[in-house]
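Undergrad: Data file start.cif (mmCIF, C-alpha atoms) is appended below.
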```
data_start
loop_
_atom_site.label_atom_id
_atom_site.label_comp_id
_atom_site.auth_asym_id
_atom_site.auth_seq_id
_atom_site.Cartn_x
_atom_site.Cartn_y
_atom_site.Cartn_z
CA MET A 1 -19.79 13.51 7.64
CA THR A 2 -16.12 13.78 8.35
CA ILE A 3 -14.92 10.88 6.15
CA LYS A 4 -15.56 11.00 2.42
CA VAL A 5 -14.56 8.49 -0.24
CA HIS A 6 -14.67 9.60 -3.86
CA GLY A 7 -14.67 6.64 -6.25
CA SER A 8 -16.69 4.13 -8.16
CA VAL A 9 -18.50 0.96 -7.27
CA PHE A 10 -16.44 -1.22 -9.61
CA SER A 11 -13.01 0.20 -8.84
CA THR A 12 -10.71 -2.17 -6.95
CA ALA A 13 -8.78 0.69 -5.38
CA THR A 14 -12.02 2.24 -4.11
CA LEU A 15 -13.12 -1.14 -2.70
CA ARG A 16 -9.79 -1.38 -0.88
CA VAL A 17 -10.51 1.77 1.06
CA ARG A 18 -14.15 0.88 1.72
CA VAL A 19 -13.44 -2.54 3.22
CA CYS A 20 -10.81 -0.94 5.43
CA LEU A 21 -13.33 1.61 6.73
CA ASN A 22 -15.75 -1.25 7.41
CA GLU A 23 -13.10 -3.13 9.41
CA LYS A 24 -12.96 -0.07 11.63
CA SER A 25 -16.76 0.33 11.71
CA LEU A 26 -16.36 3.86 10.42
CA ASP A 27 -19.19 5.73 8.72
CA TYR A 28 -18.35 7.60 5.55
CA GLU A 29 -19.97 9.40 2.67
CA PHE A 30 -19.47 7.68 -0.67
CA ILE A 31 -19.30 10.14 -3.53
CA HIS A 32 -19.62 8.58 -6.96
CA VAL A 33 -17.09 9.76 -9.56
CA ASP A 34 -18.46 9.38 -13.07
CA LEU A 35 -15.49 7.98 -15.00
CA ARG A 36 -17.38 7.66 -18.29
CA SER A 37 -18.01 11.38 -18.43
CA GLY A 38 -14.38 12.08 -17.51
CA HIS A 39 -15.22 13.64 -14.18
CA HIS A 40 -11.91 12.32 -12.76
CA LYS A 41 -9.93 14.49 -15.19
CA GLN A 42 -11.73 17.71 -14.31
CA ASP A 43 -10.19 20.38 -12.09
CA SER A 44 -12.63 19.78 -9.27
CA PHE A 45 -11.42 16.20 -8.94
CA LEU A 46 -7.78 16.90 -9.78
CA SER A 47 -7.64 19.06 -6.68
CA LEU A 48 -8.34 15.87 -4.72
CA ASN A 49 -6.05 13.59 -6.76
CA PRO A 50 -3.68 15.35 -9.15
CA PHE A 51 -3.13 12.07 -11.03
CA GLY A 52 -6.82 11.99 -11.95
CA GLN A 53 -7.37 8.55 -10.44
CA ILE A 54 -9.82 7.11 -7.96
CA PRO A 55 -10.22 6.95 -5.05
CA ALA A 56 -9.69 10.23 -3.31
CA PHE A 57 -10.25 10.42 0.45
CA GLN A 58 -11.07 13.12 2.94
CA ASP A 59 -11.06 12.96 6.73
CA GLY A 60 -11.94 16.42 7.95
CA ASP A 61 -9.20 18.68 6.57
CA LEU A 62 -6.94 15.83 5.53
CA ASN A 63 -7.02 14.95 1.85
CA LEU A 64 -5.30 11.77 0.65
CA PHE A 65 -5.02 9.67 -2.48
CA GLU A 66 -3.35 6.26 -3.22
CA SER A 67 -5.53 3.51 -1.71
CA ARG A 68 -2.70 1.77 0.19
CA ALA A 69 -1.62 5.05 1.82
CA ILE A 70 -5.26 5.67 2.76
CA THR A 71 -5.66 2.23 4.34
CA ARG A 72 -2.43 2.71 6.25
CA TYR A 73 -3.67 6.06 7.56
CA ILE A 74 -7.00 4.50 8.61
CA ALA A 75 -5.22 1.61 10.32
CA HIS A 76 -2.97 3.92 12.36
CA SER A 77 -5.38 6.75 12.98
CA TYR A 78 -8.18 4.48 14.17
CA ALA A 79 -5.96 1.86 15.77
CA GLY A 80 -8.20 1.60 18.81
CA LYS A 81 -11.36 0.94 16.79
CA GLY A 82 -12.48 -2.33 15.25
CA ALA A 83 -9.96 -4.93 14.09
CA PRO A 84 -6.27 -4.07 14.42
CA LEU A 85 -4.96 -3.97 10.86
CA VAL A 86 -1.35 -3.16 11.75
CA SER A 87 0.54 -4.88 14.56
CA SER A 88 1.61 -2.68 17.46
CA ASP A 89 4.84 -4.68 17.60
CA ALA A 90 7.42 -3.00 15.33
CA LYS A 91 8.94 -6.23 14.02
CA LYS A 92 5.58 -7.87 13.39
CA ALA A 93 4.42 -4.70 11.64
CA ALA A 94 7.55 -4.79 9.48
CA VAL A 95 6.85 -8.37 8.39
CA GLU A 96 3.25 -7.38 7.59
CA GLY A 97 4.81 -4.52 5.60
CA VAL A 98 6.92 -6.98 3.60
CA TRP A 99 3.83 -8.86 2.45
CA ALA A 100 1.94 -5.64 1.78
CA GLU A 101 4.78 -4.70 -0.59
CA VAL A 102 4.56 -8.18 -2.15
CA GLU A 103 0.85 -7.61 -2.76
CA ALA A 104 1.50 -4.23 -4.39
CA GLN A 105 4.63 -5.11 -6.37
CA ARG A 106 4.11 -8.73 -7.34
CA TYR A 107 0.51 -9.83 -6.94
CA GLU A 108 -1.24 -6.66 -8.12
CA PRO A 109 0.28 -6.40 -11.64
CA PRO A 110 -1.04 -9.76 -12.93
CA ALA A 111 -4.16 -9.60 -10.71
CA ALA A 112 -5.08 -6.14 -11.99
CA LYS A 113 -4.62 -7.14 -15.63
CA LEU A 114 -6.75 -10.26 -15.14
CA THR A 115 -9.38 -8.20 -13.30
CA TRP A 116 -9.50 -5.80 -16.23
CA GLU A 117 -9.77 -8.59 -18.85
CA LEU A 118 -12.16 -10.91 -17.01
CA GLY A 119 -14.02 -8.61 -14.64
CA ILE A 120 -14.29 -5.07 -15.96
CA LYS A 121 -14.17 -5.44 -19.74
CA PRO A 122 -17.30 -7.64 -19.77
CA ILE A 123 -19.17 -5.00 -17.76
CA LEU A 124 -18.15 -2.39 -20.32
CA GLY A 125 -19.07 -4.66 -23.24
CA MET A 126 -15.45 -5.02 -24.39
CA ALA A 127 -13.82 -8.21 -25.64
CA THR A 128 -11.46 -10.17 -23.38
CA ASP A 129 -7.94 -10.72 -24.78
CA ASP A 130 -7.29 -14.41 -24.22
CA ASP A 131 -3.54 -14.10 -24.87
CA VAL A 132 -3.20 -11.57 -22.08
CA VAL A 133 -5.26 -13.77 -19.75
CA LYS A 134 -3.02 -16.76 -20.47
CA ALA A 135 0.20 -14.81 -19.93
CA GLN A 136 -0.99 -13.10 -16.75
CA GLU A 137 -2.37 -16.31 -15.31
CA THR A 138 1.12 -17.78 -15.62
CA GLU A 139 2.56 -14.76 -13.81
CA LEU A 140 -0.05 -15.03 -11.08
CA GLU A 141 0.77 -18.71 -10.58
CA LYS A 142 4.41 -17.83 -9.94
CA VAL A 143 3.32 -15.46 -7.16
CA LEU A 144 0.88 -17.95 -5.65
CA ASP A 145 3.66 -20.57 -5.67
CA VAL A 146 5.37 -18.33 -3.10
CA TYR A 147 2.14 -17.68 -1.18
CA GLU A 148 1.39 -21.42 -0.75
CA PRO A 149 4.43 -22.34 1.40
CA ARG A 150 4.13 -19.00 3.24
CA LEU A 151 0.51 -19.75 4.19
CA ALA A 152 1.44 -23.31 5.13
CA HIS A 153 3.26 -21.98 8.17
CA SER A 154 1.56 -18.61 8.71
CA LYS A 155 -2.15 -18.19 9.31
CA TYR A 156 -2.26 -14.91 7.41
CA LEU A 157 0.16 -13.52 4.86
CA GLY A 158 1.66 -10.97 7.22
CA GLY A 159 1.79 -13.22 10.27
CA ASP A 160 -0.60 -14.70 12.81
CA ALA A 161 -3.12 -11.86 12.61
CA PHE A 162 -5.24 -10.46 9.77
CA SER A 163 -3.63 -7.27 8.52
CA LEU A 164 -3.56 -4.84 5.61
CA ALA A 165 -1.31 -7.34 3.80
CA ASP A 166 -4.35 -9.66 3.52
CA LEU A 167 -7.01 -6.94 3.15
CA HIS A 168 -5.35 -5.36 0.12
CA HIS A 169 -6.02 -8.54 -1.90
CA LEU A 170 -9.80 -8.53 -1.43
CA PRO A 171 -10.83 -6.22 -4.28
CA THR A 172 -9.08 -8.18 -7.06
CA LEU A 173 -10.16 -11.48 -5.45
CA LYS A 174 -13.76 -10.31 -5.90
CA TYR A 175 -13.31 -10.47 -9.67
CA LEU A 176 -10.82 -13.32 -9.95
CA MET A 177 -12.77 -15.78 -7.79
CA ALA A 178 -15.80 -15.13 -10.00
CA SER A 179 -13.79 -16.00 -13.12
CA PRO A 180 -12.09 -19.12 -14.54
CA VAL A 181 -8.86 -17.92 -12.91
CA LYS A 182 -10.24 -19.06 -9.54
CA ALA A 183 -8.78 -22.45 -10.47
CA VAL A 184 -5.23 -21.25 -9.77
CA PHE A 185 -6.23 -20.27 -6.24
CA GLU A 186 -8.21 -23.46 -5.64
CA ALA A 187 -5.32 -25.63 -6.84
CA ARG A 188 -3.25 -24.50 -3.85
CA PRO A 189 -4.86 -25.69 -0.59
CA HIS A 190 -3.39 -23.16 1.82
CA VAL A 191 -4.01 -20.27 -0.56
CA ALA A 192 -7.58 -21.52 -1.13
CA ALA A 193 -8.27 -21.70 2.60
CA TRP A 194 -6.84 -18.22 3.17
CA VAL A 195 -8.91 -16.75 0.32
CA ALA A 196 -12.10 -18.31 1.69
CA GLU A 197 -11.34 -17.06 5.19
CA ILE A 198 -10.63 -13.44 4.30
CA MET A 199 -13.52 -13.17 1.84
CA ALA A 200 -15.89 -14.37 4.56
CA ARG A 201 -15.06 -11.43 6.84
CA PRO A 202 -18.17 -9.37 7.68
CA SER A 203 -16.44 -6.15 6.62
CA TRP A 204 -16.01 -7.53 3.11
CA GLN A 205 -19.51 -9.01 2.93
CA LYS A 206 -20.84 -5.57 3.87
CA VAL A 207 -18.97 -3.92 0.99
CA LEU A 208 -20.35 -6.48 -1.47
CA ALA A 209 -23.87 -5.89 -0.20
CA GLU A 210 -23.41 -2.16 -0.74
CA CYS A 211 -22.22 -2.53 -4.34
CA MET B 1 24.22 -5.16 15.83
CA VAL B 2 25.44 -4.70 12.28
CA VAL B 3 22.71 -5.23 9.72
CA LYS B 4 23.52 -7.58 6.85
CA VAL B 5 22.27 -6.30 3.51
CA TYR B 6 22.22 -8.83 0.67
CA GLY B 7 22.43 -7.09 -2.68
CA ALA B 8 24.67 -5.18 -5.07
CA THR B 9 25.83 -1.58 -5.31
CA TYR B 10 24.63 -1.23 -8.88
CA ALA B 11 21.01 -2.30 -8.29
CA ALA B 12 18.28 0.21 -7.50
CA CYS B 13 16.49 -1.51 -4.63
CA PRO B 14 19.60 -2.28 -2.55
CA LEU B 15 20.65 1.37 -3.07
CA ARG B 16 17.35 2.45 -1.53
CA VAL B 17 18.04 0.42 1.61
CA MET B 18 21.71 1.38 1.96
CA THR B 19 20.98 5.11 1.59
CA CYS B 20 18.35 4.85 4.30
CA LEU B 21 20.68 3.00 6.66
CA PHE B 22 23.39 5.67 6.11
CA GLU B 23 20.83 8.43 6.76
CA LEU B 24 19.71 6.86 10.01
CA GLY B 25 23.17 5.83 11.20
CA PHE B 26 22.50 2.09 11.29
CA GLN B 27 25.70 0.20 10.52
CA PHE B 28 25.54 -2.44 7.83
CA ASP B 29 27.63 -4.93 5.90
CA LEU B 30 26.85 -5.40 2.24
CA ILE B 31 27.01 -9.05 1.28
CA LYS B 32 27.27 -9.12 -2.47
CA VAL B 33 24.88 -11.21 -4.53
CA ASP B 34 26.15 -11.70 -8.09
CA LEU B 35 23.17 -10.63 -10.16
CA GLN B 36 24.93 -11.13 -13.52
CA SER B 37 25.38 -14.82 -12.81
CA GLY B 38 21.88 -15.21 -11.41
CA GLU B 39 22.99 -15.87 -7.85
CA GLN B 40 19.75 -14.28 -6.63
CA LYS B 41 17.80 -17.24 -8.03
CA GLN B 42 19.91 -19.82 -6.20
CA PRO B 43 18.35 -21.77 -3.29
CA GLN B 44 20.41 -19.93 -0.67
CA ASN B 45 19.05 -16.57 -1.75
CA LEU B 46 15.52 -17.93 -2.22
CA LEU B 47 15.53 -18.70 1.49
CA ARG B 48 16.07 -15.00 2.11
CA GLN B 49 13.90 -13.66 -0.70
CA PRO B 50 11.40 -16.17 -2.10
CA PHE B 51 10.95 -14.21 -5.34
CA GLY B 52 14.67 -14.53 -6.12
CA GLN B 53 15.48 -10.83 -5.92
CA VAL B 54 17.57 -8.38 -3.93
CA PRO B 55 17.75 -6.85 -1.40
CA SER B 56 17.02 -8.72 1.79
CA ILE B 57 18.32 -7.94 5.27
CA GLU B 58 19.27 -9.87 8.39
CA ASP B 59 19.33 -7.95 11.66
CA GLY B 60 20.31 -10.58 14.20
CA ASP B 61 17.48 -13.09 13.88
CA PHE B 62 15.14 -10.61 12.24
CA LYS B 63 14.80 -10.90 8.46
CA LEU B 64 13.01 -8.79 5.90
CA PHE B 65 12.81 -8.33 2.13
CA GLU B 66 11.16 -5.67 -0.13
CA SER B 67 13.27 -2.50 -0.01
CA ARG B 68 10.33 -0.21 0.82
CA ALA B 69 9.24 -2.39 3.75
CA ILE B 70 12.85 -2.40 4.98
CA ILE B 71 13.20 1.38 4.90
CA ARG B 72 9.82 1.80 6.59
CA TYR B 73 10.95 -0.50 9.41
CA TYR B 74 14.24 1.30 10.01
CA ALA B 75 12.61 4.71 9.72
CA ALA B 76 10.07 3.67 12.36
CA LYS B 77 12.81 2.18 14.53
CA SER B 78 14.88 5.35 14.38
CA ALA B 79 11.91 7.63 15.06
CA SER B 80 10.74 5.52 18.00
CA GLN B 81 14.22 5.58 19.53
CA GLY B 82 14.33 9.37 19.34
CA GLY B 83 16.79 9.29 16.44
CA THR B 84 16.47 10.85 12.98
CA ASN B 85 12.83 10.97 11.94
CA LEU B 86 12.32 10.26 8.25
CA LEU B 87 8.65 9.27 8.68
CA GLY B 88 6.88 12.43 9.74
CA GLU B 89 5.82 13.61 13.18
CA THR B 90 2.03 13.50 13.18
CA LEU B 91 -0.30 10.83 11.77
CA GLU B 92 -1.27 13.28 9.04
CA GLU B 93 2.36 13.95 8.06
CA ARG B 94 3.04 10.21 7.98
CA ALA B 95 -0.02 9.71 5.78
CA LEU B 96 1.30 12.23 3.26
CA VAL B 97 4.70 10.50 3.32
CA ASP B 98 2.92 7.18 2.67
CA GLN B 99 0.92 8.77 -0.12
CA TRP B 100 4.01 9.89 -2.02
CA MET B 101 5.71 6.54 -1.39
CA GLU B 102 2.70 4.91 -3.03
CA VAL B 103 2.90 7.39 -5.91
CA GLU B 104 6.50 6.23 -6.49
CA VAL B 105 5.36 2.60 -6.56
CA ASN B 106 2.34 3.09 -8.79
CA ASN B 107 3.09 6.07 -11.03
CA TYR B 108 6.88 6.43 -11.17
CA ASN B 109 8.60 3.08 -10.72
CA PRO B 110 6.68 1.11 -13.40
CA LEU B 111 7.62 3.60 -16.13
CA ILE B 112 11.28 3.76 -15.11
CA TYR B 113 11.49 0.01 -14.61
CA THR B 114 10.20 -0.54 -18.16
CA MET B 115 12.80 1.89 -19.52
CA VAL B 116 15.64 0.23 -17.56
CA LEU B 117 14.62 -3.10 -19.07
CA GLN B 118 14.65 -1.74 -22.64
CA LEU B 119 17.70 0.52 -22.36
CA VAL B 120 20.01 -1.47 -20.10
CA VAL B 121 18.99 -5.03 -19.23
CA LEU B 122 17.94 -6.36 -22.64
CA PRO B 123 21.01 -4.96 -24.44
CA GLN B 124 23.19 -6.53 -21.73
CA GLN B 125 21.59 -9.85 -22.62
CA GLY B 126 22.32 -9.28 -26.29
CA GLN B 127 18.75 -8.31 -27.17
CA VAL B 128 17.36 -5.16 -28.73
CA GLY B 129 15.28 -2.90 -26.53
CA ASP B 130 11.91 -1.56 -27.70
CA MET B 131 12.56 2.14 -28.34
CA GLU B 132 8.92 2.83 -29.13
CA LEU B 133 8.01 1.56 -25.69
CA VAL B 134 10.69 3.81 -24.19
CA GLN B 135 9.22 6.84 -25.96
CA ASP B 136 5.75 5.87 -24.78
CA CYS B 137 6.99 5.64 -21.19
CA LYS B 138 8.76 8.96 -21.55
CA GLY B 139 5.53 10.61 -22.69
CA LYS B 140 3.66 9.23 -19.68
CA LEU B 141 6.50 10.20 -17.38
CA GLU B 142 6.27 13.83 -18.54
CA LYS B 143 2.69 13.98 -17.26
CA VAL B 144 3.67 12.36 -13.96
CA LEU B 145 6.56 14.78 -13.50
CA ASP B 146 4.17 17.68 -14.11
CA VAL B 147 2.29 16.52 -11.01
CA TYR B 148 5.52 16.31 -9.03
CA GLU B 149 6.47 19.82 -10.20
CA GLU B 150 3.15 21.17 -8.98
CA ARG B 151 3.55 19.38 -5.63
CA LEU B 152 7.08 20.70 -5.16
CA SER B 153 5.95 24.23 -5.93
CA LYS B 154 3.90 23.99 -2.73
CA SER B 155 6.26 22.15 -0.42
CA LYS B 156 10.01 21.78 -0.19
CA TYR B 157 9.88 17.99 -0.12
CA LEU B 158 7.28 15.51 -1.30
CA GLY B 159 5.87 14.74 2.14
CA GLY B 160 6.04 18.30 3.43
CA GLU B 161 8.72 20.65 4.63
CA ARG B 162 11.09 17.92 5.77
CA PHE B 163 13.15 15.30 3.91
CA THR B 164 11.56 11.88 4.47
CA ILE B 165 11.58 8.39 3.02
CA ALA B 166 9.06 9.68 0.44
CA ASP B 167 11.95 11.61 -1.14
CA LEU B 168 14.64 9.02 -0.40
CA THR B 169 12.69 6.27 -2.15
CA HIS B 170 12.97 8.22 -5.43
CA LEU B 171 16.77 8.44 -5.45
CA PRO B 172 17.72 5.20 -7.28
CA ASN B 173 15.18 5.49 -10.12
CA THR B 174 15.84 9.19 -10.66
CA ARG B 175 19.56 8.51 -10.82
CA PHE B 176 18.88 6.03 -13.63
CA LEU B 177 16.72 8.55 -15.47
CA VAL B 178 19.47 11.16 -15.35
CA GLU B 179 22.38 8.82 -16.16
CA GLU B 180 21.82 5.66 -18.23
CA GLY B 181 18.40 6.98 -19.23
CA GLY B 182 19.92 10.14 -20.69
CA MET B 183 16.76 12.05 -19.74
CA GLU B 184 18.14 14.67 -17.41
CA ASP B 185 16.26 17.29 -19.41
CA LEU B 186 12.96 15.95 -18.02
CA ILE B 187 14.15 17.03 -14.59
CA LYS B 188 16.03 20.19 -15.56
CA ARG B 189 13.06 21.65 -17.43
CA ARG B 190 11.01 21.61 -14.22
CA LYS B 191 12.40 24.19 -11.84
CA ASN B 192 11.08 22.89 -8.52
CA LEU B 193 11.68 19.28 -9.45
CA HIS B 194 15.25 20.15 -10.47
CA ASN B 195 15.96 21.95 -7.21
CA TRP B 196 14.52 19.03 -5.27
CA TRP B 197 16.70 16.56 -7.20
CA LEU B 198 19.85 18.66 -6.65
CA ASP B 199 19.00 18.83 -2.95
CA ILE B 200 18.31 15.16 -2.30
CA SER B 201 21.08 13.84 -4.55
CA SER B 202 23.68 15.92 -2.72
CA ARG B 203 22.85 14.42 0.66
CA PRO B 204 25.91 12.77 2.26
CA SER B 205 24.08 9.44 2.58
CA TRP B 206 23.49 9.30 -1.18
CA LEU B 207 27.02 10.45 -2.03
CA LYS B 208 28.37 7.72 0.27
CA VAL B 209 26.30 5.07 -1.49
CA MET B 210 27.39 6.35 -4.90
CA ASP B 211 31.00 6.04 -3.72
CA LEU B 212 30.72 2.39 -2.77
CA PRO B 213 32.86 0.18 -5.01
CA LYS B 214 30.85 -1.44 -7.82
#
```
Please rewrite the model in this file as structure tokens.

TA:
Amino acid sequence: MTIKVHGSVFSTATLRVRVCLNEKSLDYEFIHVDLRSGHHKQDSFLSLNPFGQIPAFQDGDLNLFESRAITRYIAHSYAGKGAPLVSSDAKKAAVEGVWAEVEAQRYEPPAAKLTWELGIKPILGMATDDDVVKAQETELEKVLDVYEPRLAHSKYLGGDAFSLADLHHLPTLKYLMASPVKAVFEARPHVAAWVAEIMARPSWQKVLAEC
Amino acid sequence: MVVKVYGATYAACPLRVMTCLFELGFQFDLIKVDLQSGEQKQPQNLLRQPFGQVPSIEDGDFKLFESRAIIRYYAAKSASQGGTNLLGETLEERALVDQWMEVEVNNYNPLIYTMVLQLVVLPQQGQVGDMELVQDCKGKLEKVLDVYEERLSKSKYLGGERFTIADLTHLPNTRFLVEEGGMEDLIKRRKNLHNWWLDISSRPSWLKVMDLPK
């Protein structure tokens, strides 16, 4: 199989790539990387991602890492297949790019910390740090306070079409909407509606079924 | 059309945008936002950048914020018009450029940002920075820079054999590291990384930006 994704079932970054491949109806081989045994720090994996992080991605001879670079590559390379994830209009694509940066720079930091505390730590049998949860929830609320008016006049974050700017949120939403933090999303009607809409996409449902 | 850039000449993210515009030959006017007095949090700026930060741009009616989205847009515009190409030619080249831009966001920027906060911003506000945190960041940065060194032993620039926005995006943070950060040795000790830094920091576009009045 030409496309390979090296990662783990729980990893948000791996999920990001997988849902993107599903949007494009692309088949791929999923290769499990055993984090507990430190496989990601061994030479064989470091040759795929020198930072020793998951996921790593292969499409034929092309080897990539960084989930948001991988999704961008998939979106452009397979533009004609499945849902368009990047606008073909340069200005619309730029606005989508703005909100993709917002996701990475502003949403991801608190979302990732909350995912770790409330989603992953329990799976690993570790104790949640309530102080961190409280602090990060406050940070997340500040971000969602910007999302709410944006989504009041724009169907999707990046504009009138679903794009990578929306897709990139799905993996952390998986954990956050299954935790008490879902309240901060539900308290904001436009954000709540947007979350429900994007999580209902068949490509995302398919990833969840495969987990 | 002259692009309006809202920002300041001493802030990293506006520097990223201005360097890119100089590289590509897009004319711009810098409209200063007084960061020391918190002008960026005022309603007028919030209309341009809802998170109360700089930079943002206005190009006629077209508005953007987030420096990396802005440079991507202008790089794409220039390439599509047959001008300077800072994106990469093929889809695969562009993917590698994107990859190293992401590396800057995820592995480089957070460490440097933390150090800027402790070494510059907090002292400016009359507070003491956390030096232990700085040392911790420095230790992590050494490992990151080892990866960069390895990459640059295989290709002249981060994205490949050509200078692209993947290199450009690193200019402001690396400048901090070398100057206020006092950590030039981290760069100098790594031969390929050092040569790369000397190369990209001597580009006319960067020298022009460094010359802008503070």

Undergrad: At a cut-off of 12 Å, can you tabulate as CSV every residue of region 81-148 of chain B near region 2-12 of chain B together with its closest atom pair and the distance in Å to one decimal, using only C-alpha atoms and ordering rows by chain then number?

TA:
```
residue,atom,partner,partner_atom,distance
B:Asn109,CA,B:Ala12,CA,10.6
B:Ile112,CA,B:Ala12,CA,10.9
B:Tyr113,CA,B:Ala12,CA,9.8
B:Val116,CA,B:Ala12,CA,10.4
B:Val120,CA,B:Ala11,CA,11.9
B:Val121,CA,B:Ala11,CA,11.5
```

Undergrad: Could you expand the PyMOL selection byres ((chain B) within 7 of (chain A)) into the explicit residues it covers here, written as a CSV table (one decimal) with C-alpha atoms, in the frame of the given file?

TA:
```csv
chain,number,residue,atom,x,y,z
B,50,PRO,CA,11.4,-16.2,-2.1
B,64,LEU,CA,13.0,-8.8,5.9
B,65,PHE,CA,12.8,-8.3,2.1
B,66,GLU,CA,11.2,-5.7,-0.1
B,69,ALA,CA,9.2,-2.4,3.8
B,73,TYR,CA,11.0,-0.5,9.4
B,91,LEU,CA,-0.3,10.8,11.8
B,95,ALA,CA,0.0,9.7,5.8
B,98,ASP,CA,2.9,7.2,2.7
B,99,GLN,CA,0.9,8.8,-0.1
B,102,GLU,CA,2.7,4.9,-3.0
B,103,VAL,CA,2.9,7.4,-5.9
B,147,VAL,CA,2.3,16.5,-11.0
```

Undergrad: Written as an NGL selection string, which residues does the PyMOL selection byres ((chain B and resi 163) around 12) give for the file shown?

TA: :B and (20 or 23 or 84-89 or 93 or 97 or 155-162 or 164-170 or 196-197 or 199-201 or 203)

Undergrad: Can you translate the PyMOL selection byres ((chain B and resi 208) around 12) into the concrete residues it hits in this file, as number ranges by chain?

TA: B: 9, 15, 18-23, 201-207, 209-213

Undergrad: Any chance you can output those residues with C-alpha atoms as a compact mmCIF listing (two decimals), in the coordinates of the input?

TA:
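Full text of out_28.txt as output:
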```
# COMPACT_ATOMS: atom_id res chain seq x y z
CA THR B 9 25.83 -1.58 -5.31
CA LEU B 15 20.65 1.37 -3.07
CA MET B 18 21.71 1.38 1.96
CA THR B 19 20.98 5.11 1.59
CA CYS B 20 18.35 4.85 4.30
CA LEU B 21 20.68 3.00 6.66
CA PHE B 22 23.39 5.67 6.11
CA GLU B 23 20.83 8.43 6.76
CA SER B 201 21.08 13.84 -4.55
CA SER B 202 23.68 15.92 -2.72
CA ARG B 203 22.85 14.42 0.66
CA PRO B 204 25.91 12.77 2.26
CA SER B 205 24.08 9.44 2.58
CA TRP B 206 23.49 9.30 -1.18
CA LEU B 207 27.02 10.45 -2.03
CA VAL B 209 26.30 5.07 -1.49
CA MET B 210 27.39 6.35 -4.90
CA ASP B 211 31.00 6.04 -3.72
CA LEU B 212 30.72 2.39 -2.77
CA PRO B 213 32.86 0.18 -5.01
```

Undergrad: Show which residues sit within 9 Å of Gly181 (chain B), as a ChimeraX atom specification. Count only C-alpha atoms, and ignore same-chain residues fewer than 3 positions away.

TA: /B:112,115-116,119-120,175-178,184

Undergrad: Can you write out the residues you just picked, keeping C-alpha atoms, as a short mmCIF file (atom, residue, chain, number, x, y, z; two decimals), in the frame of the given file?

TA:
```cif
data_model
loop_
_atom_site.label_atom_id
_atom_site.label_comp_id
_atom_site.auth_asym_id
_atom_site.auth_seq_id
_atom_site.Cartn_x
_atom_site.Cartn_y
_atom_site.Cartn_z
CA ILE B 112 11.28 3.76 -15.11
CA MET B 115 12.80 1.89 -19.52
CA VAL B 116 15.64 0.23 -17.56
CA LEU B 119 17.70 0.52 -22.36
CA VAL B 120 20.01 -1.47 -20.10
CA ARG B 175 19.56 8.51 -10.82
CA PHE B 176 18.88 6.03 -13.63
CA LEU B 177 16.72 8.55 -15.47
CA VAL B 178 19.47 11.16 -15.35
CA GLU B 184 18.14 14.67 -17.41
#
```

Undergrad: Just how far from CA of Glu103 (chain A) is CA of Leu15 (chain A), in Å to one decimal?

TA: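 A separation of 15.4 Å between them.
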
Undergrad: Figure out the distance between CA of Asp185 (chain B) and CA of Asp130 (chain B), please, to one decimal in Å.

TA: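 Spanning CA of Asp130 (chain B) to CA of Asp185 (chain B) is a straight-line distance of 21.0 Å.
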
Undergrad: Excluding Thr172 (chain A) and residues on its chain fewer than 5 positions from it, collect all residues at most 8 Å away from it, counting only C-alpha atoms, and give them as a list in words.

TA: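 Returned residues: Thr12, Ala111, Ala112 and Thr115 of chain A.
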
Undergrad: Just the number, please: distance in Å from CA of Phe30 (chain A) to CA of Tyr78 (chain A), one decimal.

TA: 18.9 Å

Undergrad: Using only C-alpha atoms, find the one residue out of B:Ile70, B:Ala76, B:Leu46, B:Leu171 that sits nearest to Ser88 (chain A).

TA: B:Ala76

Undergrad: Between A:Leu170, A:Val195, A:Ala152, A:Leu85, which one has atoms that come closest to Arg18 (chain A), using only C-alpha atoms?

TA: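 So, comparing all the options, the nearest one is A:Leu170.
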
Undergrad: Between A:Pro171, A:Arg188, A:Ala165, A:Ile123, single out the one closest to Gln205 (chain A), counting only C-alpha atoms.

TA: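 Closest to Gln205 (chain A) of all the choices is A:Pro171.
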
Undergrad: Counting all atoms listed in the file, figure out which residue out of A:Leu140, A:Trp116, A:Pro202, A:His168 gets nearest to Phe185 (chain A).

TA: A:Leu140
